[in-house]
file work35.txt (compact mmCIF, C-alpha atoms)
# COMPACT_ATOMS: atom_id res chain seq x y z
CA MET Q 990 108.54 64.20 57.99
CA SER Q 991 106.43 63.81 61.15
CA GLU Q 992 109.54 63.50 63.33
CA LEU Q 993 110.96 66.69 61.85
CA VAL Q 994 107.74 68.64 62.54
CA THR Q 995 107.65 67.34 66.12
CA GLU Q 996 111.25 68.44 66.67
CA ARG Q 997 110.57 71.96 65.46
CA THR Q 998 107.46 72.43 67.61
CA THR Q 999 109.01 71.25 70.89
CA ALA Q 1000 108.92 73.90 73.63
CA PRO Q 1001 112.25 75.76 73.78
CA VAL Q 1002 114.75 75.15 76.56
CA TYR Q 1003 116.95 77.91 78.03
CA GLN Q 1004 119.79 76.36 80.03
CA GLY Q 1005 121.17 78.60 82.77
CA ALA Q 1006 124.03 78.40 85.27
CA THR Q 1007 123.57 76.01 88.19
CA GLY Q 1008 126.23 77.26 90.61
CA GLY Q 1009 127.08 75.07 93.59
CA LEU Q 1010 130.31 73.08 93.86
CA PRO Q 1011 131.18 69.62 92.53
CA PRO Q 1012 131.87 66.90 95.08
CA GLN Q 1013 135.43 66.36 96.35
CA THR Q 1014 135.39 62.96 94.62
CA ASN Q 1015 135.31 64.55 91.15
CA LEU Q 1016 138.36 64.42 88.91
CA LEU Q 1017 140.00 67.74 88.08
CA SER Q 1018 139.86 67.22 84.31
CA ASP Q 1019 137.21 69.16 82.38
CA ARG Q 1020 136.49 70.56 78.92
CA ALA Q 1021 137.64 74.15 79.55
CA VAL Q 1022 139.98 75.40 76.83
CA VAL Q 1023 141.66 78.78 76.32
CA THR Q 1024 143.62 79.44 73.12
CA GLU Q 1025 144.54 82.50 71.10
CA ALA Q 1026 141.77 81.62 68.61
CA TYR Q 1027 138.92 80.65 70.95
CA THR Q 1028 137.83 79.98 74.53
CA VAL Q 1029 135.44 77.26 75.71
CA ILE Q 1030 133.87 77.62 79.18
CA PRO Q 1031 131.87 74.46 79.98
CA ARG Q 1032 128.85 74.72 82.22
CA GLY Q 1033 130.57 72.64 84.88
CA VAL Q 1034 132.93 75.49 85.78
CA LEU Q 1035 130.18 78.08 86.32
CA ARG Q 1036 130.27 77.63 90.08
CA ASP Q 1037 129.47 79.86 93.06
CA ILE Q 1038 133.10 80.76 93.78
CA VAL Q 1039 133.66 82.34 90.34
CA THR Q 1040 130.77 84.82 90.53
CA SER Q 1041 131.13 88.60 90.76
CA VAL Q 1042 128.96 91.27 92.37
CA PHE Q 1043 128.35 94.22 90.06
CA PRO Q 1044 128.16 97.79 91.43
CA GLU Q 1045 124.67 99.36 91.45
CA TRP Q 1046 122.99 95.92 91.62
CA GLU Q 1047 121.19 94.50 94.65
CA GLY Q 1048 120.45 90.83 95.26
CA ALA Q 1049 122.44 89.85 92.21
CA ARG Q 1050 125.55 87.97 91.17
CA ALA Q 1051 127.15 87.33 87.78
CA TRP Q 1052 129.27 84.84 85.91
CA VAL Q 1053 131.46 86.85 83.53
CA LEU Q 1054 131.85 84.83 80.33
CA ASN Q 1055 133.82 87.27 78.18
CA ARG Q 1056 135.74 90.50 78.54
CA PRO Q 1057 138.17 92.12 76.08
CA VAL Q 1058 141.59 90.56 76.61
CA ALA Q 1059 144.79 90.39 74.57
CA SER Q 1060 144.69 87.60 71.94
CA GLY Q 1061 140.96 87.15 72.56
CA ALA Q 1062 137.63 88.62 71.52
CA THR Q 1063 137.83 92.37 72.13
CA THR Q 1064 134.54 93.99 71.02
CA PHE Q 1065 132.20 92.91 73.81
CA ALA Q 1066 131.56 91.74 77.36
CA GLN Q 1067 129.09 88.96 78.19
CA SER Q 1068 127.76 87.69 81.51
CA ILE Q 1069 125.07 85.51 83.03
CA VAL Q 1070 123.36 87.59 85.71
CA GLU Q 1071 121.24 85.99 88.44
CA VAL Q 1072 118.84 88.23 90.38
CA ALA Q 1073 116.98 87.17 93.50
CA PRO Q 1074 113.32 88.15 94.03
CA GLY Q 1075 113.22 91.83 94.96
CA GLY Q 1076 116.66 92.46 93.48
CA GLY Q 1077 117.72 94.54 90.52
CA SER Q 1078 119.31 97.83 89.58
CA LYS Q 1079 118.20 101.40 88.97
CA ARG Q 1080 121.48 102.17 87.17
CA PRO Q 1081 122.64 98.90 85.59
CA GLU Q 1082 124.86 100.35 82.84
CA PRO Q 1083 127.81 102.39 84.16
CA GLN Q 1084 129.02 103.67 80.75
CA ALA Q 1085 126.87 106.01 78.64
CA GLU Q 1086 128.66 104.98 75.44
CA VAL Q 1087 127.86 101.27 75.91
CA GLU Q 1088 124.82 99.51 74.43
CA GLY Q 1089 123.31 96.38 75.92
CA PHE Q 1090 121.33 93.29 75.01
CA VAL Q 1091 119.45 91.30 77.65
CA PHE Q 1092 118.12 87.77 77.02
CA VAL Q 1093 116.19 85.97 79.77
CA LEU Q 1094 116.98 82.33 80.54
CA ALA Q 1095 114.82 81.72 83.62
CA GLY Q 1096 112.26 83.56 85.76
CA GLU Q 1097 111.02 87.03 84.90
CA LEU Q 1098 112.88 90.30 84.50
CA THR Q 1099 111.14 93.68 84.39
CA ILE Q 1100 112.93 96.22 82.19
CA ALA Q 1101 111.82 99.85 82.38
CA VAL Q 1102 112.99 102.08 79.52
CA ASP Q 1103 111.55 105.09 77.68
CA GLY Q 1104 108.71 105.37 80.17
CA ALA Q 1105 107.46 101.81 79.61
CA GLU Q 1106 107.81 98.60 81.61
CA HIS Q 1107 108.39 95.27 79.90
CA VAL Q 1108 108.15 91.94 81.74
CA LEU Q 1109 110.49 89.50 80.02
CA ALA Q 1110 109.87 85.76 80.40
CA PRO Q 1111 112.33 83.09 79.17
CA GLY Q 1112 113.20 83.85 75.57
CA GLY Q 1113 112.39 87.53 76.16
CA PHE Q 1114 114.94 90.11 75.11
CA ALA Q 1115 115.63 93.84 75.15
CA TYR Q 1116 118.11 95.83 73.06
CA LEU Q 1117 119.09 98.95 75.01
CA PRO Q 1118 120.86 101.69 73.00
CA ALA Q 1119 123.89 103.48 74.37
CA GLY Q 1120 122.81 106.36 76.61
CA ALA Q 1121 119.36 104.92 77.32
CA ALA Q 1122 118.18 105.25 80.91
CA TRP Q 1123 116.88 101.83 81.92
CA THR Q 1124 116.29 99.80 85.05
CA ALA Q 1125 116.04 96.09 85.75
CA ALA Q 1126 114.11 94.32 88.52
CA ASN Q 1127 113.01 90.87 89.54
CA ASN Q 1128 109.45 91.44 90.74
CA GLY Q 1129 108.66 87.73 90.71
CA VAL Q 1130 108.92 85.03 93.36
CA GLU Q 1131 111.68 82.95 91.75
CA PRO Q 1132 115.29 83.86 90.89
CA THR Q 1133 115.83 85.07 87.36
CA GLN Q 1134 118.83 84.52 85.12
CA PHE Q 1135 119.65 86.41 81.97
CA GLN Q 1136 122.42 86.87 79.45
CA TRP Q 1137 123.78 90.43 79.36
CA ILE Q 1138 125.86 91.44 76.33
CA ARG Q 1139 127.56 94.85 76.38
CA LYS Q 1140 129.38 96.63 73.56
CA ARG Q 1141 130.82 100.10 73.11
CA TYR Q 1142 128.55 101.55 70.42
CA GLU Q 1143 130.11 102.76 67.18
CA PRO Q 1144 127.97 105.74 66.02
CA LEU Q 1145 127.09 106.09 62.34
CA SER Q 1146 125.90 109.42 60.95
CA GLY Q 1147 122.22 109.37 59.98
CA HIS Q 1148 121.46 106.14 61.85
CA THR Q 1149 120.17 106.05 65.43
CA PRO Q 1150 119.31 102.73 67.08
CA ARG Q 1151 116.01 102.30 68.91
CA VAL Q 1152 114.91 100.22 71.87
CA VAL Q 1153 113.80 96.76 70.73
CA VAL Q 1154 111.84 94.45 73.06
CA GLY Q 1155 110.32 91.07 72.26
CA ASN Q 1156 110.52 87.31 72.66
CA GLU Q 1157 112.40 85.05 70.30
CA GLN Q 1158 109.51 82.59 70.35
CA ASP Q 1159 107.35 85.19 68.56
CA ILE Q 1160 109.80 85.61 65.67
CA GLU Q 1161 109.65 83.31 62.67
CA PRO Q 1162 113.09 81.75 62.16
CA THR Q 1163 114.74 82.25 58.77
CA PRO Q 1164 115.84 78.98 57.10
CA MET Q 1165 119.41 79.10 55.88
CA PRO Q 1166 119.75 78.60 52.11
CA ASP Q 1167 119.89 75.04 50.77
CA THR Q 1168 119.26 73.41 54.18
CA ASN Q 1169 115.56 72.51 53.91
CA GLY Q 1170 115.07 74.42 57.15
CA ALA Q 1171 117.29 72.11 59.20
CA TRP Q 1172 119.53 75.11 60.00
CA ARG Q 1173 117.64 78.31 60.81
CA THR Q 1174 118.27 81.66 62.44
CA THR Q 1175 115.99 83.75 64.64
CA ARG Q 1176 117.11 87.36 64.16
CA MET Q 1177 116.11 89.61 67.05
CA LEU Q 1178 117.58 92.78 65.49
CA ASP Q 1179 116.92 93.84 61.89
CA PRO Q 1180 119.98 92.69 59.89
CA GLU Q 1181 119.35 95.39 57.26
CA ASP Q 1182 119.33 98.29 59.75
CA LEU Q 1183 122.75 99.99 59.83
CA ALA Q 1184 121.86 101.64 63.14
CA PHE Q 1185 122.79 98.34 64.81
CA ASP Q 1186 126.49 97.55 65.06
CA MET Q 1187 125.84 94.15 66.59
CA HIS Q 1188 123.43 91.31 65.96
CA VAL Q 1189 122.13 88.81 68.49
CA ASN Q 1190 120.46 85.71 67.07
CA VAL Q 1191 119.18 82.33 68.20
CA VAL Q 1192 120.57 79.67 65.88
CA THR Q 1193 118.86 76.26 65.64
CA PHE Q 1194 120.06 72.99 64.10
CA ASP Q 1195 117.96 69.87 63.78
CA PRO Q 1196 119.74 66.58 64.54
CA GLY Q 1197 122.17 65.82 61.72
CA ALA Q 1198 122.34 69.40 60.45
CA SER Q 1199 125.68 71.14 60.15
CA ILE Q 1200 127.64 74.18 59.15
CA PRO Q 1201 129.29 72.38 56.23
CA PHE Q 1202 132.29 74.68 55.80
CA ALA Q 1203 134.78 76.42 58.05
CA GLU Q 1204 133.44 79.95 58.47
CA THR Q 1205 136.44 82.28 58.64
CA HIS Q 1206 135.40 85.89 59.04
CA VAL Q 1207 136.12 89.19 60.75
CA MET Q 1208 133.14 89.01 63.12
CA GLU Q 1209 133.78 87.98 66.72
CA HIS Q 1210 131.33 85.63 68.39
CA GLY Q 1211 129.94 85.03 71.84
CA LEU Q 1212 128.10 81.71 71.63
CA TYR Q 1213 126.03 80.36 74.54
CA VAL Q 1214 124.42 76.93 74.13
CA LEU Q 1215 120.75 77.04 75.14
CA GLU Q 1216 119.75 73.49 74.29
CA GLY Q 1217 121.14 70.19 73.02
CA LYS Q 1218 124.69 69.24 72.12
CA ALA Q 1219 127.02 69.30 69.12
CA VAL Q 1220 130.59 68.95 67.99
CA TYR Q 1221 132.25 72.24 67.00
CA ARG Q 1222 135.28 72.62 64.78
CA LEU Q 1223 137.31 75.56 66.14
CA ASN Q 1224 140.56 76.44 64.42
CA ASP Q 1225 142.00 72.91 63.96
CA ASP Q 1226 140.32 71.29 66.99
CA TRP Q 1227 137.10 69.32 67.46
CA VAL Q 1228 135.29 70.41 70.66
CA GLU Q 1229 132.17 68.83 72.16
CA VAL Q 1230 129.65 71.29 73.59
CA GLU Q 1231 126.31 70.98 75.37
CA ALA Q 1232 123.59 73.15 76.90
CA GLY Q 1233 125.09 75.66 79.32
CA ASP Q 1234 128.51 75.80 77.61
CA TYR Q 1235 129.95 79.05 76.28
CA MET Q 1236 132.35 79.80 73.44
CA SER Q 1237 134.17 83.05 72.72
CA LEU Q 1238 135.62 83.20 69.20
CA ARG Q 1239 138.10 85.85 68.10
CA ALA Q 1240 138.05 87.34 64.61
CA PHE Q 1241 138.97 84.90 61.82
CA CYS Q 1242 138.78 81.78 64.01
CA PRO Q 1243 137.70 79.00 61.58
CA GLN Q 1244 134.42 77.52 62.82
CA ALA Q 1245 131.95 74.83 61.81
CA CYS Q 1246 129.68 72.43 63.67
CA TYR Q 1247 127.73 69.21 63.46
CA ALA Q 1248 124.56 68.65 65.50
CA GLY Q 1249 124.58 64.96 66.30
CA GLY Q 1250 121.31 64.81 68.25
CA PRO Q 1251 119.29 63.20 69.65
CA SER Q 1252 117.53 66.57 70.13
CA ARG Q 1253 117.91 69.91 68.36
CA PHE Q 1254 120.91 72.14 69.06
CA ARG Q 1255 120.27 75.83 69.82
CA TYR Q 1256 122.52 78.69 70.86
CA LEU Q 1257 122.47 82.43 71.48
CA LEU Q 1258 124.91 84.16 69.13
CA TYR Q 1259 126.52 87.61 69.34
CA LYS Q 1260 128.48 89.16 66.48
CA ASP Q 1261 129.77 92.63 65.62
CA VAL Q 1262 128.56 93.91 62.23
CA ASN Q 1263 127.88 96.83 59.88
CA ARG Q 1264 130.94 99.02 60.43
CA GLN Q 1265 134.01 99.84 58.38
CA ILE Q 1266 137.34 98.66 59.82
CA ALA Q 1267 139.01 101.51 61.70
CA LEU Q 1268 142.70 101.88 60.72
call {"tool": "encode", "arguments": {"input": "work35.txt", "output": "structure tokens"}}
result
Amino acid sequence: MSELVTERTTAPVYQGATGGLPPQTNLLSDRAVVTEAYTVIPRGVLRDIVTSVFPEWEGARAWVLNRPVASGATTFAQSIVEVAPGGGSKRPEPQAEVEGFVFVLAGELTIAVDGAEHVLAPGGFAYLPAGAAWTAANNGVEPTQFQWIRKRYEPLSGHTPRVVVGNEQDIEPTPMPDTNGAWRTTRMLDPEDLAFDMHVNVVTFDPGASIPFAETHVMEHGLYVLEGKAVYRLNDDWVEVEAGDYMSLRAFCPQACYAGGPSRFRYLLYKDVNRQIAL
């Protein structure tokens, strides 16, 4: 029991992108996989030469992890954005109909929205409704990195989403049923609030914990590994993943995982929810 308590009270880790280039002596083989059911982008391919510069941003670059493509996940875009000290944007979101979710991996990011400023440290997050006027700035002395998830909002009569700001470390994780707390979910948006058409969670597995069945569901996933390593079952393949890896899962891709240790396994999870299927 003492080992389990120690594991759950360890300070969280938020793996970011390292950039750079591998040495010329490296082999070309890697763990990157693209299929019609899922995509795996290992951390080793998030290099300087694959970054983009977004309009309306200064002192910033981005690794685009997901965009809607044929035979892939289509409901969202996801990027790692790195902002140098003094950088940022006064108009980060170019589309008024698009909502956003920001999750800080390293450094500090100042988000200004609804007349208030929020300084987000690692683990800090902000949900930014479609149409909200917000700005982002790195007012610190070190580079900051954050996950930026964007989705075209699907309005629902009688339900209006609000700005939500916090830190995942301040939220009590919810143990999954019949797991003795070895598998738990930190929900940063209220799962019962129909105003939200997406959820973003931090999912944690203790060593040896698993998803013991192949989840097969309509929700798409963007899954970024924050800490640890595991083996994921995707469609009919076993895929090893570690901190800094990213997975994009299309609707109905069978998925399960096993956290082999030696440390806990944690990831940031996006999914689309709470809307009827448009026909």
call {"tool": "residues_near_point", "arguments": {"input": "work35.txt", "point": "(125.7, 96.5, 85.3)", "cutoff": "8 Å", "atoms": "all atoms listed in the file", "output": "list in words"}}
result
Phe1043, Pro1044, Glu1045, Trp1046, Ser1078, Arg1080, Pro1081, Glu1082 and Pro1083 of chain Q
call {"tool": "residues_near_point", "arguments": {"input": "work35.txt", "point": "(113.8, 108.6, 77.7)", "cutoff": "9 Å", "atoms": "only C-alpha atoms", "output": "list in words"}}
result
Val1102, Asp1103, Gly1104, Ala1121, Ala1122 and Trp1123 of chain Q
call {"tool": "residues_around", "arguments": {"input": "work35.txt", "residues": "Ala1203 of chain Q", "least_positions_apart": "6", "cutoff": "9 Å", "atoms": "all atoms listed in the file", "output": "ChimeraX atom specification"}}
result
/Q:1222-1224,1242-1246
call {"tool": "axis_aligned_box", "arguments": {"input": "work35.txt", "around": "segment 1004-1007 of chain Q", "padding_each_side": "6 Å", "output": "JSON"}}
result
{"center_x": 121.9, "center_y": 77.3, "center_z": 84.1, "size_x": 16.2, "size_y": 14.6, "size_z": 20.2}
call {"tool": "closest_residue", "arguments": {"input": "work35.txt", "among": "Q:Val1053, Q:Met1236, Q:Val1072, Q:Met1208", "to": "Tyr1221 of chain Q", "atoms": "only C-alpha atoms"}}
result
Q:Met1236
call {"tool": "atom_distance", "arguments": {"input": "work35.txt", "atom1": "atom CA of Leu1257 of chain Q", "atom2": "atom CA of Tyr1213 of chain Q"}}
result
5.1 Å
call {"tool": "residues_around", "arguments": {"input": "work35.txt", "residues": "Thr1024 of chain Q", "least_positions_apart": "6", "cutoff": "10 Å", "atoms": "all atoms listed in the file", "output": "PDB file with C-alpha atoms, in the coordinates of the input"}}
result
ATOM      1  CA  SER Q1060     144.690  87.600  71.940  1.00  0.00           C
ATOM      2  CA  GLY Q1061     140.960  87.150  72.560  1.00  0.00           C
ATOM      3  CA  ASN Q1224     140.560  76.440  64.420  1.00  0.00           C
ATOM      4  CA  LEU Q1238     135.620  83.200  69.200  1.00  0.00           C
ATOM      5  CA  ARG Q1239     138.100  85.850  68.100  1.00  0.00           C
TER       6      ARG Q1239
END
call {"tool": "closest_residue", "arguments": {"input": "work35.txt", "among": "Q:Gly1005, Q:Val1087, Q:Pro1164, Q:Ala1066", "to": "Lys1260 of chain Q", "atoms": "only C-alpha atoms"}}
result
Q:Ala1066
call {"tool": "atom_distance", "arguments": {"input": "work35.txt", "atom1": "atom CA of Leu1035 of chain Q", "atom2": "atom CA of Asp1019 of chain Q"}}
result
12.0 Å
call {"tool": "closest_residue", "arguments": {"input": "work35.txt", "among": "Q:Asp1195, Q:His1107, Q:Tyr1003, Q:Val1023", "to": "Val1093 of chain Q", "atoms": "only C-alpha atoms"}}
result
Q:Tyr1003
call {"tool": "atom_distance", "arguments": {"input": "work35.txt", "atom1": "atom CA of Ala1198 of chain Q", "atom2": "atom CA of Pro1166 of chain Q"}}
result
12.7 Å
call {"tool": "closest_residue", "arguments": {"input": "work35.txt", "among": "Q:Ala1125, Q:Leu1145, Q:Ile1069, Q:Leu1212", "to": "Leu1183 of chain Q", "atoms": "only C-alpha atoms"}}
result
Q:Leu1145
call {"tool": "residues_around", "arguments": {"input": "work35.txt", "residues": "Thr1124 of chain Q", "least_positions_apart": "2", "cutoff": "6 Å", "atoms": "all atoms listed in the file", "output": "mmCIF file with C-alpha atoms, in the frame of the given file"}}
result
data_model
loop_
_atom_site.group_PDB
_atom_site.id
_atom_site.type_symbol
_atom_site.label_atom_id
_atom_site.label_comp_id
_atom_site.auth_asym_id
_atom_site.auth_seq_id
_atom_site.Cartn_x
_atom_site.Cartn_y
_atom_site.Cartn_z
ATOM 1 C CA SER Q 1078 119.310 97.830 89.580
ATOM 2 C CA LYS Q 1079 118.200 101.400 88.970
ATOM 3 C CA ILE Q 1100 112.930 96.220 82.190
ATOM 4 C CA ALA Q 1101 111.820 99.850 82.380
#
call {"tool": "closest_residue", "arguments": {"input": "work35.txt", "among": "Q:Phe1135, Q:Phe1202, Q:Phe1254, Q:Phe1090", "to": "Gly1217 of chain Q", "atoms": "all atoms listed in the file"}}
result
Q:Phe1254
call {"tool": "residues_around", "arguments": {"input": "work35.txt", "residues": "Val1153 of chain Q", "least_positions_apart": "6", "cutoff": "12 Å", "atoms": "all atoms listed in the file", "output": "PyMOL selection string"}}
result
chain Q and resi 1088-1092+1100+1102-1103+1107+1113-1118+1121+1176-1179+1185+1189
call {"tool": "closest_residue", "arguments": {"input": "work35.txt", "among": "Q:Gly1250, Q:Gly1233, Q:Gly1120, Q:Gly1112", "to": "Gly1008 of chain Q", "atoms": "all atoms listed in the file"}}
result
Q:Gly1233
call {"tool": "residues_around", "arguments": {"input": "work35.txt", "residues": "Asp1167 of chain Q", "least_positions_apart": "5", "cutoff": "12 Å", "atoms": "all atoms listed in the file", "output": "PyMOL selection string"}}
result
chain Q and resi 1172-1173+1198-1201
call {"tool": "decode", "arguments": {"input": "work35.txt", "residues": "segment 1058-1134 of chain Q", "atoms": "C-alpha atoms", "output": "compact mmCIF listing (two decimals), in the first residue's frame"}}
result
# COMPACT_ATOMS: atom_id res chain seq x y z
CA VAL Q 1058 -7.98 14.67 -43.07
CA ALA Q 1059 -9.75 11.99 -45.12
CA SER Q 1060 -9.79 8.60 -43.35
CA GLY Q 1061 -8.59 10.25 -40.14
CA ALA Q 1062 -9.94 12.13 -37.14
CA THR Q 1063 -12.03 15.02 -38.48
CA THR Q 1064 -13.53 16.94 -35.54
CA PHE Q 1065 -10.48 18.79 -34.22
CA ALA Q 1066 -7.02 20.27 -34.68
CA GLN Q 1067 -4.26 19.87 -32.10
CA SER Q 1068 -0.81 21.44 -31.84
CA ILE Q 1069 2.09 21.95 -29.47
CA VAL Q 1070 2.86 25.67 -29.46
CA GLU Q 1071 6.19 27.02 -28.19
CA VAL Q 1072 6.39 30.73 -27.33
CA ALA Q 1073 9.62 32.57 -26.57
CA PRO Q 1074 9.79 35.14 -23.75
CA GLY Q 1075 8.02 38.29 -24.92
CA GLY Q 1076 6.10 36.40 -27.60
CA GLY Q 1077 2.41 35.70 -27.96
CA SER Q 1078 -0.68 36.79 -29.85
CA LYS Q 1079 -3.38 39.42 -29.52
CA ARG Q 1080 -5.61 37.51 -31.97
CA PRO Q 1081 -4.72 33.82 -31.59
CA GLU Q 1082 -7.97 32.31 -32.91
CA PRO Q 1083 -8.73 33.21 -36.54
CA GLN Q 1084 -12.22 31.64 -36.67
CA ALA Q 1085 -15.08 33.01 -34.55
CA GLU Q 1086 -16.95 29.69 -34.69
CA VAL Q 1087 -14.02 27.72 -33.22
CA GLU Q 1088 -13.57 26.96 -29.51
CA GLY Q 1089 -10.20 26.28 -27.94
CA PHE Q 1090 -8.56 24.46 -25.06
CA VAL Q 1091 -5.06 25.38 -23.87
CA PHE Q 1092 -3.00 23.13 -21.57
CA VAL Q 1093 0.46 24.27 -20.43
CA LEU Q 1094 3.36 21.82 -20.52
CA ALA Q 1095 6.29 24.08 -19.58
CA GLY Q 1096 6.93 27.69 -18.56
CA GLU Q 1097 4.12 30.17 -17.99
CA LEU Q 1098 1.42 31.43 -20.32
CA THR Q 1099 -0.72 34.48 -19.57
CA ILE Q 1100 -4.25 34.23 -20.98
CA ALA Q 1101 -6.41 37.35 -20.96
CA VAL Q 1102 -10.14 36.79 -21.50
CA ASP Q 1103 -13.33 38.46 -20.27
CA GLY Q 1104 -11.35 41.31 -18.74
CA ALA Q 1105 -9.23 39.05 -16.52
CA GLU Q 1106 -5.65 37.78 -16.78
CA HIS Q 1107 -4.74 34.23 -15.83
CA VAL Q 1108 -1.14 33.06 -15.47
CA LEU Q 1109 -1.04 29.36 -16.31
CA ALA Q 1110 1.82 27.23 -14.97
CA PRO Q 1111 2.41 23.59 -16.03
CA GLY Q 1112 -0.85 21.70 -15.65
CA GLY Q 1113 -2.78 24.96 -16.07
CA PHE Q 1114 -5.59 25.06 -18.60
CA ALA Q 1115 -8.14 27.39 -20.16
CA TYR Q 1116 -11.29 26.52 -22.09
CA LEU Q 1117 -12.08 29.39 -24.47
CA PRO Q 1118 -15.60 29.39 -25.99
CA ALA Q 1119 -16.16 30.11 -29.65
CA GLY Q 1120 -16.31 33.86 -30.25
CA ALA Q 1121 -14.42 34.76 -27.07
CA ALA Q 1122 -11.87 37.54 -27.45
CA TRP Q 1123 -8.68 36.29 -25.81
CA THR Q 1124 -4.95 36.90 -25.95
CA ALA Q 1125 -1.92 34.81 -25.06
CA ALA Q 1126 1.52 35.99 -23.94
CA ASN Q 1127 4.71 34.63 -22.47
CA ASN Q 1128 5.64 37.26 -19.89
CA GLY Q 1129 8.20 34.99 -18.24
CA VAL Q 1130 11.92 34.49 -18.79
CA GLU Q 1131 11.80 30.93 -20.13
CA PRO Q 1132 10.12 29.50 -23.26
CA THR Q 1133 6.66 28.12 -22.72
CA GLN Q 1134 5.03 25.15 -24.43
